[in-house]
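Asker: Sharing a structure here in structure tokens format.
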Amino acid sequence: MHSPLVSRLDTQAAWRSSLDRQVAAYARFLADHDLGAAGDDARLEALRHRLLADRLMLAFVAEFSRGKSELINAIFFADTGRRVLPATPGRTTMCPVELFHDAEEPPTLSLLPIETRLGGLSLAELRGRTEPWQRMPLDPSQPEALARALSAVTLTQRVPVEMAQRLGFWHPEQGADNPPQDAEGLVEVPAWRHALINYPHPLLQRGLVVIDTPGLNAIGAEPELTLSLLPAAHATVFILAADAGVTKSDLSVWREHLGGSAVERFVVLNKIDALADPLLAAEDVQTQIDRQRQQTAETLGLEPGRVFPLSAREALAARVAGDEAALRRSRLPELEAALAGELLPRQAELLAQATVETLREMREAAARRLGDRRRQNAEQMLELRGLRGKSGAKVRLMLERVETESAEFERCTARLQAMRVVQARLQREALAGLSSEQLRTEVSAMQSAAGASGFAISARKPFELLFQRLRGAIDAAQAKAGEMQHMLDGSFGQLNSEFGFAFTVGMAPDLARYRAELDLIAQNYGRYVGFSQAWRLAVPGFVEQFRRMLLSKLRVVFENAAGDIEMWSKSAGVQVEQQLRERRKAFQRRREALERIQAAAGELEQRIGEVEAQDVHLRDLQQRLDRLTSETVSIALGLLAPADAA
């Protein structure tokens, strides 16, 4: 009983695999015929890695007892014939759980003790270590044993209030929201900080990553969830109880962590089976569900079409029993269709766009090289045909002319060297404001201006000024890249005119998307800077983790922006080296041909035939290049049309 999400993931996985094979064939073609530029191999390899390894991250967020784990079971694990994640009363997921598949590692449940929060290291830093984690092997062929193993994520422990406060689960100023104390004054906290489940489920093998995030208290206690994992998710599914609607704690989760428009958001009104009433007609029950859906959408500021009433429990039971009619009544397929129809096509669109842009750029560069080779062939052909019936003296004169032209050509090297010096200077100036050192300086200045002790209260203005300066750095790099493009356009034009080159310079990279990424980071992180979040920022270690994670996010943006400028500048320089090399080879071929003709007159017609055959070969390569590019682009865009039509 396949869901629309499963079917769409299957289709997308097959498309990615097909596109990867085509990109591999494209890379072989360029390499076999010496048509690639320096760095093309690395670019194509990175594209192939993205096609095969790009993951789709889907976060499920809810307060306790909303049926979140049951929903995950219904969507992803019904094929095991039972519940895999604990979802029965009294047994709920207590720590964030990340489900994924890594083929290079055996199926494993990895648990990070809650005490690691006291060490100040982030989850990202702890992922690369082995010693803090407790690991348990999993056997996917034994669903019962698998479920028993995963029940470990429900474990808790009782600690004194002072320890609960250090761990981030107790806040004196948030008294009403703190967990209750038992008779001995102890507080119940999760046993684990994070759980990683490496499991070879078909959907996870296709690149899906599921994040199960339990409760406001757990979300707020872990900075990396709020500052990294949730903002990085491609979509979030926020689960509410249909009978309760949006409670105060639900609204807190939404406003503090999900209220922005950074990711796709889907809201589930779960447990609609609880609204069934034997004293009411089915139409009246449906009216209640529709009213709750409308009120939920208004409260959260969403379109009603983004709110999905359903019953995860009935859906899981229907899937296990193979009952299609019951599955439709559960209304789960409506949510799955939305995820498949809205979320997955966007990921495919980004992959297709990256593939098409990369291949078209490489096709243009390869076509320029082929065109330059054909132009040189045509010049040599005219020269050779002009030798028919000529004397040995004429051949000697032609040799002298080749030597003269070669010597004149070499005069361009000084001009090129001067151009490279200016280009290198402009590149350094463009990248100066995007360096990691400059970024660390800016973030440290923001923290110093805010003051460590009063960070929550005084950080708003320094935070906003930080992002003003960072946007200014992006704008300055964009302006300097434009200056470099103007210089290259002028220099290339003169060199093409005087020395017969075919230099072209592409448009400087558009850094607007990195400015947009800065705006998104400012939105996600800015919500934690201010008086309303003072209690959270007072948690030991939170400010330092905030700084380190903010710096990590910003570094990725600036490194990518700098990488775009460097790659673009390098491509301009690479074509200079390629055309210099090609031109020198052409002079050498002309010289060798004339020398052979001088030694044996019969070689003239043979050489003319070789040049003609070479031109036929170059025309064939151009046709094959165009055909291969067209086929690859067609495959890349082929998945998008059906999705759009749907």
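Residue names in the structure tokens use chain letters A, B, ... in the order shown, residue numbers from 1 in each chain, and ligand numbers from 1 in the order shown.
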So that I can check the surroundings of range 201-209 of chain A, please list as a ChimeraX atom specification every protein, DNA and RNA residue that reaches within 9 Å of it, counting only C-alpha atoms and ignoring chain neighbours fewer than 4 positions away.
Answerer: /A:6,9-10,12-13,52-59,76-77,98-103,140
Asker: Can I get the residues of range 336-401 of chain A within 12 Å of range 305-311 of chain A, each with the closest pair of atoms and their distance in Å to one decimal, using only C-alpha atoms, sorted chain first then ascending number, as CSV?
Answerer:
```
residue,atom,partner,partner_atom,distance
A:Glu336,CA,A:Phe308,CA,10.0
A:Ala337,CA,A:Phe308,CA,11.0
A:Ala338,CA,A:Arg306,CA,8.6
A:Leu339,CA,A:Arg306,CA,10.4
A:Glu342,CA,A:Arg306,CA,10.9
```
Asker: May I have the residues within 12 Å of range 585-592 of chain A as number ranges by chain, using only C-alpha atoms and disregarding those fewer than 4 positions away in the same chain?
Answerer: A: 372-384, 395-410, 578-581, 596-599, 603-604, 607-608, 610-611
Asker: May I have the residues from that selection written out with N, CA and C atoms, as a short mmCIF file (atom, residue, chain, number, x, y, z; two decimals), in the first residue's frame?
Answerer:
```
data_model
loop_
_atom_site.label_atom_id
_atom_site.label_comp_id
_atom_site.auth_asym_id
_atom_site.auth_seq_id
_atom_site.Cartn_x
_atom_site.Cartn_y
_atom_site.Cartn_z
N ASP A 372 37.56 27.54 -31.78
CA ASP A 372 38.92 28.05 -31.98
C ASP A 372 39.77 27.03 -32.76
N ARG A 373 39.57 25.74 -32.45
CA ARG A 373 40.31 24.71 -33.19
C ARG A 373 39.91 24.71 -34.67
N ARG A 374 38.62 24.84 -34.94
CA ARG A 374 38.17 24.85 -36.33
C ARG A 374 38.67 26.08 -37.07
N ARG A 375 38.70 27.23 -36.38
CA ARG A 375 39.21 28.44 -37.03
C ARG A 375 40.69 28.28 -37.39
N GLN A 376 41.46 27.71 -36.48
CA GLN A 376 42.87 27.47 -36.77
C GLN A 376 43.04 26.46 -37.90
N ASN A 377 42.18 25.44 -37.92
CA ASN A 377 42.21 24.46 -39.02
C ASN A 377 41.94 25.14 -40.36
N ALA A 378 40.95 26.04 -40.37
CA ALA A 378 40.58 26.72 -41.61
C ALA A 378 41.74 27.59 -42.11
N GLU A 379 42.43 28.27 -41.19
CA GLU A 379 43.57 29.08 -41.59
C GLU A 379 44.68 28.20 -42.18
N GLN A 380 44.91 27.05 -41.54
CA GLN A 380 45.94 26.16 -42.04
C GLN A 380 45.55 25.57 -43.40
N MET A 381 44.27 25.28 -43.57
CA MET A 381 43.80 24.72 -44.85
C MET A 381 44.03 25.71 -45.98
N LEU A 382 43.71 26.99 -45.75
CA LEU A 382 43.95 28.00 -46.79
C LEU A 382 45.44 28.09 -47.12
N GLU A 383 46.23 28.02 -46.09
CA GLU A 383 47.68 28.09 -46.29
C GLU A 383 48.19 26.90 -47.10
N LEU A 384 47.73 25.69 -46.78
CA LEU A 384 48.19 24.49 -47.47
C LEU A 384 47.72 24.46 -48.92
N VAL A 395 57.65 27.57 -50.13
CA VAL A 395 57.49 26.87 -48.85
C VAL A 395 58.40 27.50 -47.80
N ARG A 396 59.65 27.85 -48.20
CA ARG A 396 60.55 28.49 -47.26
C ARG A 396 60.01 29.84 -46.78
N LEU A 397 59.42 30.58 -47.72
CA LEU A 397 58.81 31.86 -47.33
C LEU A 397 57.66 31.65 -46.34
N MET A 398 56.87 30.59 -46.57
CA MET A 398 55.77 30.30 -45.66
C MET A 398 56.30 29.94 -44.26
N LEU A 399 57.41 29.19 -44.22
CA LEU A 399 58.01 28.85 -42.94
C LEU A 399 58.46 30.12 -42.21
N GLU A 400 59.08 31.01 -42.94
CA GLU A 400 59.52 32.26 -42.35
C GLU A 400 58.34 33.06 -41.81
N ARG A 401 57.22 33.03 -42.57
CA ARG A 401 56.03 33.77 -42.11
C ARG A 401 55.48 33.16 -40.81
N VAL A 402 55.48 31.83 -40.73
CA VAL A 402 55.00 31.18 -39.50
C VAL A 402 55.86 31.60 -38.32
N GLU A 403 57.20 31.64 -38.54
CA GLU A 403 58.09 32.03 -37.46
C GLU A 403 57.83 33.47 -37.05
N THR A 404 57.59 34.34 -38.03
CA THR A 404 57.32 35.75 -37.74
C THR A 404 56.02 35.91 -36.96
N GLU A 405 54.97 35.21 -37.44
CA GLU A 405 53.67 35.30 -36.75
C GLU A 405 53.77 34.75 -35.32
N SER A 406 54.54 33.66 -35.18
CA SER A 406 54.69 33.08 -33.84
C SER A 406 55.39 34.06 -32.91
N ALA A 407 56.43 34.73 -33.42
CA ALA A 407 57.15 35.70 -32.60
C ALA A 407 56.26 36.88 -32.23
N GLU A 408 55.46 37.35 -33.21
CA GLU A 408 54.54 38.46 -32.93
C GLU A 408 53.48 38.05 -31.90
N PHE A 409 53.05 36.81 -32.03
CA PHE A 409 52.03 36.32 -31.11
C PHE A 409 52.53 36.33 -29.66
N GLU A 410 53.79 35.97 -29.50
CA GLU A 410 54.33 35.89 -28.14
C GLU A 410 54.38 37.25 -27.47
N GLN A 578 44.31 28.03 -21.89
CA GLN A 578 43.92 27.05 -22.90
C GLN A 578 44.16 27.58 -24.31
N GLN A 579 43.74 28.82 -24.56
CA GLN A 579 43.89 29.35 -25.92
C GLN A 579 45.35 29.65 -26.26
N LEU A 580 46.14 30.04 -25.27
CA LEU A 580 47.58 30.18 -25.50
C LEU A 580 48.19 28.85 -25.91
N ARG A 581 47.82 27.80 -25.15
CA ARG A 581 48.35 26.47 -25.44
C ARG A 581 47.90 25.98 -26.82
N ARG A 596 57.65 19.09 -43.41
CA ARG A 596 57.48 17.81 -44.10
C ARG A 596 57.28 18.03 -45.59
N ILE A 597 56.51 19.05 -45.92
CA ILE A 597 56.25 19.35 -47.33
C ILE A 597 57.54 19.77 -48.02
N GLN A 598 58.38 20.52 -47.32
CA GLN A 598 59.66 20.95 -47.87
C GLN A 598 60.54 19.74 -48.17
N ALA A 599 60.45 18.72 -47.31
CA ALA A 599 61.27 17.53 -47.49
C ALA A 599 60.72 16.61 -48.57
N GLU A 603 53.86 15.07 -49.64
CA GLU A 603 53.21 15.17 -48.34
C GLU A 603 52.12 16.25 -48.32
N LEU A 604 52.12 17.14 -49.29
CA LEU A 604 51.17 18.25 -49.27
C LEU A 604 49.73 17.76 -49.28
N ARG A 607 48.75 16.02 -46.14
CA ARG A 607 48.48 16.92 -45.02
C ARG A 607 47.15 17.63 -45.19
N ILE A 608 46.83 18.04 -46.42
CA ILE A 608 45.52 18.66 -46.66
C ILE A 608 44.41 17.69 -46.26
N GLU A 610 44.57 15.34 -44.03
CA GLU A 610 44.54 15.22 -42.56
C GLU A 610 43.78 16.39 -41.94
N VAL A 611 44.04 17.59 -42.46
CA VAL A 611 43.36 18.77 -41.91
C VAL A 611 41.87 18.71 -42.19
#
```
Asker: So which residues touch range 461-464 of chain A within 8 Å, counting only C-alpha atoms, skipping near sequence neighbours fewer than 3 positions away, as a VMD selection string?
Answerer: chain A and resid 446 to 447 449 to 450 458 467 to 468 526 529
Asker: Can you tell me, as a JSON list (two decimals) with N, CA and C atoms, in the first residue's frame, what residues are no more than 10 Å from Pro132 in chain A when counting only C-alpha atoms, ignoring any on the same chain fewer than 2 positions away?
Answerer:
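Output file around-v8.json follows:
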```
[["chain", "number", "residue", "atom", "x", "y", "z"],
["A", 110, "SER", "N", 22.33, 5.26, 18.14],
["A", 110, "SER", "CA", 23.37, 5.98, 18.88],
["A", 110, "SER", "C", 22.71, 6.98, 19.80],
["A", 111, "LEU", "N", 23.04, 6.92, 21.09],
["A", 111, "LEU", "CA", 22.42, 7.76, 22.10],
["A", 111, "LEU", "C", 23.47, 8.64, 22.76],
["A", 112, "LEU", "N", 23.17, 9.92, 22.87],
["A", 112, "LEU", "CA", 24.09, 10.89, 23.47],
["A", 112, "LEU", "C", 23.57, 11.25, 24.86],
["A", 113, "PRO", "N", 24.31, 10.91, 25.91],
["A", 113, "PRO", "CA", 23.83, 11.20, 27.28],
["A", 113, "PRO", "C", 23.53, 12.68, 27.49],
["A", 115, "GLU", "N", 24.06, 14.46, 29.95],
["A", 115, "GLU", "CA", 25.10, 15.18, 30.68],
["A", 115, "GLU", "C", 26.11, 15.88, 29.77],
["A", 116, "THR", "N", 26.13, 15.51, 28.49],
["A", 116, "THR", "CA", 27.09, 16.16, 27.57],
["A", 116, "THR", "C", 26.76, 17.64, 27.38],
["A", 126, "LEU", "N", 30.09, 17.00, 18.57],
["A", 126, "LEU", "CA", 30.06, 15.67, 19.17],
["A", 126, "LEU", "C", 29.79, 14.58, 18.14],
["A", 127, "ARG", "N", 29.19, 14.92, 17.01],
["A", 127, "ARG", "CA", 28.91, 13.91, 15.98],
["A", 127, "ARG", "C", 30.20, 13.26, 15.48],
["A", 129, "ARG", "N", 32.78, 12.52, 17.12],
["A", 129, "ARG", "CA", 33.50, 11.78, 18.16],
["A", 129, "ARG", "C", 32.79, 10.45, 18.44],
["A", 130, "THR", "N", 33.53, 9.54, 18.99],
["A", 130, "THR", "CA", 32.96, 8.22, 19.29],
["A", 130, "THR", "C", 32.69, 8.03, 20.77],
["A", 134, "GLN", "N", 26.56, 6.26, 23.21],
["A", 134, "GLN", "CA", 26.28, 4.85, 23.53],
["A", 134, "GLN", "C", 25.59, 4.23, 22.32],
["A", 135, "ARG", "N", 26.16, 3.16, 21.80],
["A", 135, "ARG", "CA", 25.67, 2.58, 20.55],
["A", 135, "ARG", "C", 25.07, 1.20, 20.78]]
```
